[in-house]
Amino acid sequence: MSKPVVAIVGRPNVGKSTLFNVLAGSTISIVKDTPGVTRDRIYADATWLDKSFTIIDTGGIEPESKDIILSQMREQAQIAIDTADVIVFVTDVHQGLVDSDAKVADMLRRSGKPVVLAVNKVDSVQKFMMDVYEFYNLGIGEPLAVSAANRLGLGDLLDEIVKGFPEGSDMEEEDDVPKIAVVGKPNVGKSSLINKLLGEDRVIVSDIAGTTRDAIDTKVKWNGKEYIFIDTAGLRRKGKVKEDIERYSVIRTVTAVERANIVVIMIDATEGVTEQDAKIAGIAHERGKGVIIAVNKWDAIEKNDKTIYRHTERIRQVLSYMPYAELVFISAKTGLRIQRMFDTIDTVIENQTLRIQTGVLNEILTEAVMMQQPPSDKGRRLKIFYMTQVSVRPPTFVIFVNDKELMHFSYTRYIENKIREAFGFAGTPLKFIIRERGEKD
């Protein structure tokens with residue numbers, strides 16, 4: 001099963017981002033400059049009592065007029081309703097109950113999703129408790145007094161959140177059928193690809209950016225093998241779509257990638273790779289998924305003998321943090337190289353579950369250390385004792401050393417390259433855990 005998704009909604013300045021950061025266990029609004037991942041991150045993984053889940057902050061632009069406040073709040077609430085298992089509705093005890101709170105609460109109540117009502121900025125329960133009771137008028141259950149800034153009341157809040165998770169959400173899925181999430185910007189051809197694989201127009205396709213509301217699971221049989229494709233196309237809405245499409249696509253991508261074994265990142269060949277493509281790819285990279293970059297609409301490109309080379313070079317440059325990703329140039333419309341894409345999916349699945357014996361790994365490690373000495377600092381040299389593989393999806397290795405501080409990331413990358421030279425591991429990231437042990441252990 002995928003991790004449950006918890007969405008935080010509320011008016012501007014009620015403390016959504018503060019609560020998000022505290023629940024995530026760190027200040028994530030400004031994060032380290034990881035390539036391909038937006039600095040204004042709106043999702044994070046969290047754990048409470050043995051339950052793991054993904055938190056999404058639906059905070060957006062701070063509007064100027066009350067009418068826009070309400071429309072923005074409605075859009076935030078709709079995103080939460082569409083994607084979350086549990087919704088945390090944040091209000092502000094200092095501002096009290098306002099009209100837009102009541103209207104959004106009504107919308108959330110009708111959704112049928114579990115809603116946890118958090119009354120924030122309650123720095124003193126004795127002083128503010130009567131004001132907290134006012135929020136019973138919203139009709140969405142008991143208001144929980146919290147102070148995100150002072151970390152008060154968070155245990156009770158988290159207890160209520162995990163109560164709303166679907167049954168069995170912490171159980172591993174037994175299904176052996178590979179799951180492939182098709183992600184990318186709206187209107188890049190994700191639904192067209194699914195339809196081509198099915199040979200029928202099962203997923204609605206149009207030229208309007210984002211015409212699918214729900215992530216659709218489609219079972220596809222290809223050359224006798226079964227696959228489940230998760231289509232994450234954009235948003236279908238009656239009337240005009242006035243949505244922050246980039247934010248919405250990131251939220252949808254996180255929830256779909258969480259469920260997948262392989263992620264196919266679709267890029268529009270006519271546009272080339274963009275910053276938003278890099279952000280979406282970063283989500284799959286962070287979560288250790290197998291990655292295939294499918295350059296779609298290849299039939300619409302004028303070509304010469306250098307066209308593929310130029311496109312490949314540009315993609316590798318923008319997505320330099322994931323050199324392992326496999327590239328295929330396809331056309332969802334004509335079916336060009338679809339067979340090649342399935343061959344690549346099969347290869348990546350094999351690589352994700354590949355296990356290397358400890359003895360063989362340490363032969364590679366010994367040779368690598370002989371060819372390039374480990375780094376040293378202030379007269380103390382890094383010693384690497386041995387390495388072993390501990391898990392798959394992604395392949396994860398533990399390296400035992402005398403001092404973790406001496407294990408520079410560049411030397412870890414060097415060892416990774418040596419492992420890839422020997423075993424390939426195309427399409428899958430490799431994870432390394434550095435552990436210290438004494439030289440006499």
# chains A, B, ... in the order shown; residues from 1 in each chain; ligands from 1
>>> select_by_dssp(residues="segment 216-415 of chain A", states="alpha helix (DSSP H)", output="ChimeraX atom specification")
/A:245-259,275-286,307-318,338-352,358-371,409-415
>>> closest_residue(among="A:Asp101, A:Glu258, A:Asp92, A:Glu367", to="Ala284 of chain A", atoms="only C-alpha atoms")
A:Glu258
>>> residues_around(residues="segment 221-226 of chain A", least_positions_apart="2", cutoff="9 Å", atoms="only C-alpha atoms", output="PyMOL selection string")
chain A and resi 177-178+197-198+219+228+339+342
>>> write_last_selection(atoms="N, CA, C and O atoms", output="JSON list (two decimals), in the first residue's frame")
[["chain", "number", "residue", "atom", "x", "y", "z"],
["A", 177, "VAL", "N", 2.52, -7.43, -9.68],
["A", 177, "VAL", "CA", 2.44, -6.74, -10.97],
["A", 177, "VAL", "C", 3.15, -5.38, -10.85],
["A", 177, "VAL", "O", 2.85, -4.59, -9.96],
["A", 178, "PRO", "N", 4.14, -5.12, -11.72],
["A", 178, "PRO", "CA", 4.87, -3.85, -11.63],
["A", 178, "PRO", "C", 3.95, -2.65, -11.81],
["A", 178, "PRO", "O", 3.05, -2.67, -12.66],
["A", 197, "LEU", "N", -1.39, 2.28, -25.37],
["A", 197, "LEU", "CA", -1.09, 0.96, -24.82],
["A", 197, "LEU", "C", -2.33, 0.09, -24.76],
["A", 197, "LEU", "O", -2.28, -1.12, -24.97],
["A", 198, "LEU", "N", -3.46, 0.72, -24.45],
["A", 198, "LEU", "CA", -4.72, -0.02, -24.35],
["A", 198, "LEU", "C", -5.35, -0.29, -25.71],
["A", 198, "LEU", "O", -6.15, -1.21, -25.85],
["A", 219, "LYS", "N", -4.65, -1.51, -16.09],
["A", 219, "LYS", "CA", -3.88, -2.75, -16.27],
["A", 219, "LYS", "C", -3.62, -2.94, -17.76],
["A", 219, "LYS", "O", -4.55, -2.91, -18.57],
["A", 228, "ILE", "N", 0.75, -2.39, -14.36],
["A", 228, "ILE", "CA", -0.28, -1.42, -13.97],
["A", 228, "ILE", "C", 0.30, -0.03, -14.19],
["A", 228, "ILE", "O", 1.34, 0.32, -13.62],
["A", 339, "GLN", "N", 7.58, -0.40, -27.97],
["A", 339, "GLN", "CA", 8.20, -1.68, -27.59],
["A", 339, "GLN", "C", 9.52, -1.45, -26.85],
["A", 339, "GLN", "O", 9.81, -2.12, -25.86],
["A", 342, "PHE", "N", 8.87, -0.64, -23.23],
["A", 342, "PHE", "CA", 8.58, -1.82, -22.39],
["A", 342, "PHE", "C", 9.84, -2.63, -22.09],
["A", 342, "PHE", "O", 10.02, -3.12, -20.98]]
>>> residues_around(residues="Val93 of chain A", least_positions_apart="2", cutoff="8 Å", atoms="only C-alpha atoms", output="NGL selection string")
:A and (91 or 95-97 or 119-122 or 128 or 131-132)
>>> atom_distance(atom1="atom CA of Ala44 of chain A", atom2="atom CA of Val273 of chain A")
25.2 Å
>>> residues_around(residues="Asn137 of chain A", least_positions_apart="3", cutoff="9 Å", atoms="only C-alpha atoms", output="ChimeraX atom specification")
/A:97,102,133-134,140
>>> residues_around(residues="segment 353-365 of chain A", least_positions_apart="2", cutoff="9 Å", atoms="only C-alpha atoms", output="PyMOL selection string")
chain A and resi 348-351+367-370+384+386-395+415+418-419+422-423+425
>>> write_last_selection(atoms="N, CA, C and O atoms", output="mmCIF file, in the first residue's frame")
data_model
loop_
_atom_site.group_PDB
_atom_site.id
_atom_site.type_symbol
_atom_site.label_atom_id
_atom_site.label_comp_id
_atom_site.auth_asym_id
_atom_site.auth_seq_id
_atom_site.Cartn_x
_atom_site.Cartn_y
_atom_site.Cartn_z
ATOM 1 N N VAL A 348 14.784 -2.083 -16.051
ATOM 2 C CA VAL A 348 14.857 -1.305 -14.809
ATOM 3 C C VAL A 348 14.288 -2.103 -13.637
ATOM 4 O O VAL A 348 14.835 -2.077 -12.533
ATOM 5 N N ILE A 349 13.208 -2.850 -13.865
ATOM 6 C CA ILE A 349 12.630 -3.689 -12.801
ATOM 7 C C ILE A 349 13.663 -4.708 -12.320
ATOM 8 O O ILE A 349 13.839 -4.922 -11.114
ATOM 9 N N GLU A 350 14.356 -5.333 -13.258
ATOM 10 C CA GLU A 350 15.411 -6.306 -12.901
ATOM 11 C C GLU A 350 16.511 -5.624 -12.085
ATOM 12 O O GLU A 350 16.982 -6.164 -11.077
ATOM 13 N N ASN A 351 16.930 -4.436 -12.523
ATOM 14 C CA ASN A 351 18.012 -3.733 -11.833
ATOM 15 C C ASN A 351 17.612 -3.274 -10.434
ATOM 16 O O ASN A 351 18.435 -3.245 -9.517
ATOM 17 N N GLU A 367 39.476 -3.089 -5.033
ATOM 18 C CA GLU A 367 40.093 -2.584 -6.265
ATOM 19 C C GLU A 367 39.939 -1.070 -6.369
ATOM 20 O O GLU A 367 40.877 -0.350 -6.746
ATOM 21 N N ALA A 368 38.746 -0.553 -5.986
ATOM 22 C CA ALA A 368 38.485 0.892 -6.047
ATOM 23 C C ALA A 368 39.418 1.657 -5.111
ATOM 24 O O ALA A 368 39.971 2.702 -5.478
ATOM 25 N N VAL A 369 39.632 1.122 -3.899
ATOM 26 C CA VAL A 369 40.493 1.776 -2.909
ATOM 27 C C VAL A 369 41.948 1.772 -3.372
ATOM 28 O O VAL A 369 42.692 2.742 -3.164
ATOM 29 N N MET A 370 42.360 0.678 -4.051
ATOM 30 C CA MET A 370 43.727 0.614 -4.577
ATOM 31 C C MET A 370 43.952 1.645 -5.681
ATOM 32 O O MET A 370 45.012 2.254 -5.785
ATOM 33 N N ILE A 384 38.110 2.108 4.945
ATOM 34 C CA ILE A 384 36.855 1.424 4.628
ATOM 35 C C ILE A 384 37.051 -0.055 4.923
ATOM 36 O O ILE A 384 37.929 -0.702 4.348
ATOM 37 N N TYR A 386 34.442 -2.746 5.098
ATOM 38 C CA TYR A 386 33.742 -3.588 4.109
ATOM 39 C C TYR A 386 32.394 -2.977 3.774
ATOM 40 O O TYR A 386 31.957 -1.994 4.354
ATOM 41 N N MET A 387 31.721 -3.600 2.789
ATOM 42 C CA MET A 387 30.445 -3.097 2.291
ATOM 43 C C MET A 387 29.514 -4.285 2.074
ATOM 44 O O MET A 387 29.946 -5.371 1.691
ATOM 45 N N THR A 388 28.225 -4.063 2.319
ATOM 46 C CA THR A 388 27.251 -5.137 2.086
ATOM 47 C C THR A 388 25.944 -4.530 1.594
ATOM 48 O O THR A 388 25.629 -3.376 1.916
ATOM 49 N N GLN A 389 25.205 -5.280 0.785
ATOM 50 C CA GLN A 389 23.902 -4.807 0.311
ATOM 51 C C GLN A 389 22.832 -5.255 1.301
ATOM 52 O O GLN A 389 22.754 -6.421 1.677
ATOM 53 N N VAL A 390 21.963 -4.314 1.708
ATOM 54 C CA VAL A 390 20.968 -4.634 2.737
ATOM 55 C C VAL A 390 19.537 -4.660 2.224
ATOM 56 O O VAL A 390 18.666 -5.226 2.877
ATOM 57 N N SER A 391 19.264 -4.045 1.079
ATOM 58 C CA SER A 391 17.896 -4.097 0.554
ATOM 59 C C SER A 391 17.871 -3.754 -0.926
ATOM 60 O O SER A 391 18.890 -3.389 -1.520
ATOM 61 N N VAL A 392 16.672 -3.889 -1.517
ATOM 62 C CA VAL A 392 16.449 -3.564 -2.929
ATOM 63 C C VAL A 392 15.323 -2.521 -3.011
ATOM 64 O O VAL A 392 14.710 -2.180 -2.023
ATOM 65 N N ARG A 393 15.103 -2.015 -4.226
ATOM 66 C CA ARG A 393 14.061 -1.009 -4.496
ATOM 67 C C ARG A 393 14.141 0.192 -3.562
ATOM 68 O O ARG A 393 13.226 0.405 -2.779
ATOM 69 N N PRO A 394 15.157 1.017 -3.634
ATOM 70 C CA PRO A 394 16.322 0.905 -4.505
ATOM 71 C C PRO A 394 17.400 0.033 -3.855
ATOM 72 O O PRO A 394 17.378 -0.170 -2.640
ATOM 73 N N PRO A 395 18.341 -0.490 -4.660
ATOM 74 C CA PRO A 395 19.463 -1.229 -4.078
ATOM 75 C C PRO A 395 20.196 -0.354 -3.058
ATOM 76 O O PRO A 395 20.604 0.765 -3.366
ATOM 77 N N ILE A 415 32.731 5.323 -5.486
ATOM 78 C CA ILE A 415 32.435 3.898 -5.248
ATOM 79 C C ILE A 415 31.175 3.485 -6.002
ATOM 80 O O ILE A 415 31.108 2.406 -6.598
ATOM 81 N N LYS A 418 31.986 2.817 -9.551
ATOM 82 C CA LYS A 418 32.668 1.527 -9.719
ATOM 83 C C LYS A 418 31.665 0.368 -9.698
ATOM 84 O O LYS A 418 31.794 -0.595 -10.456
ATOM 85 N N ILE A 419 30.663 0.466 -8.815
ATOM 86 C CA ILE A 419 29.624 -0.585 -8.764
ATOM 87 C C ILE A 419 28.818 -0.574 -10.050
ATOM 88 O O ILE A 419 28.493 -1.630 -10.613
ATOM 89 N N ALA A 422 30.542 -2.237 -12.930
ATOM 90 C CA ALA A 422 30.523 -3.703 -12.874
ATOM 91 C C ALA A 422 29.139 -4.284 -13.139
ATOM 92 O O ALA A 422 29.014 -5.315 -13.791
ATOM 93 N N PHE A 423 28.077 -3.619 -12.625
ATOM 94 C CA PHE A 423 26.744 -4.234 -12.682
ATOM 95 C C PHE A 423 25.689 -3.396 -13.392
ATOM 96 O O PHE A 423 24.550 -3.843 -13.527
ATOM 97 N N PHE A 425 23.123 -1.364 -13.187
ATOM 98 C CA PHE A 425 22.046 -0.749 -12.402
ATOM 99 C C PHE A 425 21.389 0.396 -13.167
ATOM 100 O O PHE A 425 20.990 1.412 -12.587
#
>>> residues_around(residues="Gly25 of chain A", least_positions_apart="5", cutoff="12 Å", atoms="only C-alpha atoms", output="PDB file with N, CA, C and O atoms, in the first residue's frame")
ATOM      1  N   THR A  18       4.107  26.657   9.426  1.00  0.00           N
ATOM      2  CA  THR A  18       4.779  26.359  10.706  1.00  0.00           C
ATOM      3  C   THR A  18       4.391  24.969  11.186  1.00  0.00           C
ATOM      4  O   THR A  18       5.240  24.173  11.595  1.00  0.00           O
ATOM      5  N   LEU A  19       3.085  24.663  11.111  1.00  0.00           N
ATOM      6  CA  LEU A  19       2.614  23.337  11.531  1.00  0.00           C
ATOM      7  C   LEU A  19       3.216  22.252  10.634  1.00  0.00           C
ATOM      8  O   LEU A  19       3.686  21.214  11.114  1.00  0.00           O
ATOM      9  N   PHE A  20       3.244  22.520   9.331  1.00  0.00           N
ATOM     10  CA  PHE A  20       3.826  21.570   8.365  1.00  0.00           C
ATOM     11  C   PHE A  20       5.280  21.263   8.724  1.00  0.00           C
ATOM     12  O   PHE A  20       5.696  20.113   8.796  1.00  0.00           O
ATOM     13  N   ALA A  44       6.340  16.392   2.544  1.00  0.00           N
ATOM     14  CA  ALA A  44       7.395  15.798   3.375  1.00  0.00           C
ATOM     15  C   ALA A  44       6.882  14.494   3.963  1.00  0.00           C
ATOM     16  O   ALA A  44       5.672  14.292   4.099  1.00  0.00           O
ATOM     17  N   ASP A  45       7.793  13.604   4.294  1.00  0.00           N
ATOM     18  CA  ASP A  45       7.437  12.349   4.953  1.00  0.00           C
ATOM     19  C   ASP A  45       7.498  12.539   6.459  1.00  0.00           C
ATOM     20  O   ASP A  45       8.366  13.251   6.970  1.00  0.00           O
ATOM     21  N   ALA A  46       6.571  11.898   7.162  1.00  0.00           N
ATOM     22  CA  ALA A  46       6.542  11.996   8.623  1.00  0.00           C
ATOM     23  C   ALA A  46       6.152  10.642   9.201  1.00  0.00           C
ATOM     24  O   ALA A  46       5.603   9.786   8.499  1.00  0.00           O
ATOM     25  N   THR A  47       6.444  10.457  10.484  1.00  0.00           N
ATOM     26  CA  THR A  47       6.109   9.210  11.181  1.00  0.00           C
ATOM     27  C   THR A  47       5.556   9.554  12.557  1.00  0.00           C
ATOM     28  O   THR A  47       6.052  10.466  13.215  1.00  0.00           O
ATOM     29  N   TRP A  48       4.506   8.828  12.949  1.00  0.00           N
ATOM     30  CA  TRP A  48       3.964   8.973  14.301  1.00  0.00           C
ATOM     31  C   TRP A  48       3.554   7.605  14.795  1.00  0.00           C
ATOM     32  O   TRP A  48       2.754   6.930  14.186  1.00  0.00           O
ATOM     33  N   ILE A  55       2.903  14.351   4.267  1.00  0.00           N
ATOM     34  CA  ILE A  55       2.162  15.580   4.572  1.00  0.00           C
ATOM     35  C   ILE A  55       2.277  16.522   3.379  1.00  0.00           C
ATOM     36  O   ILE A  55       3.354  16.674   2.791  1.00  0.00           O
ATOM     37  N   ALA A 148       1.621  25.547  16.989  1.00  0.00           N
ATOM     38  CA  ALA A 148       2.699  24.991  16.152  1.00  0.00           C
ATOM     39  C   ALA A 148       4.037  25.611  16.528  1.00  0.00           C
ATOM     40  O   ALA A 148       5.047  24.923  16.623  1.00  0.00           O
ATOM     41  N   ARG A 151       5.036  24.136  19.826  1.00  0.00           N
ATOM     42  CA  ARG A 151       4.931  22.664  19.836  1.00  0.00           C
ATOM     43  C   ARG A 151       4.030  22.160  20.948  1.00  0.00           C
ATOM     44  O   ARG A 151       4.341  21.186  21.638  1.00  0.00           O
ATOM     45  N   LEU A 154       0.533  18.857  19.919  1.00  0.00           N
ATOM     46  CA  LEU A 154       0.775  18.141  18.659  1.00  0.00           C
ATOM     47  C   LEU A 154       0.545  16.644  18.792  1.00  0.00           C
ATOM     48  O   LEU A 154       0.137  15.985  17.832  1.00  0.00           O
TER      49      LEU A 154
END
>>> atom_distance(atom1="atom CA of Ile293 of chain A", atom2="atom CA of Ile267 of chain A")
7.2 Å
>>> atom_distance(atom1="atom CA of Ser331 of chain A", atom2="atom CA of Thr347 of chain A")
20.5 Å
>>> closest_residue(among="A:Phe229, A:Val98, A:Asp403, A:Arg413", to="Arg435 of chain A", atoms="only C-alpha atoms")
A:Asp403
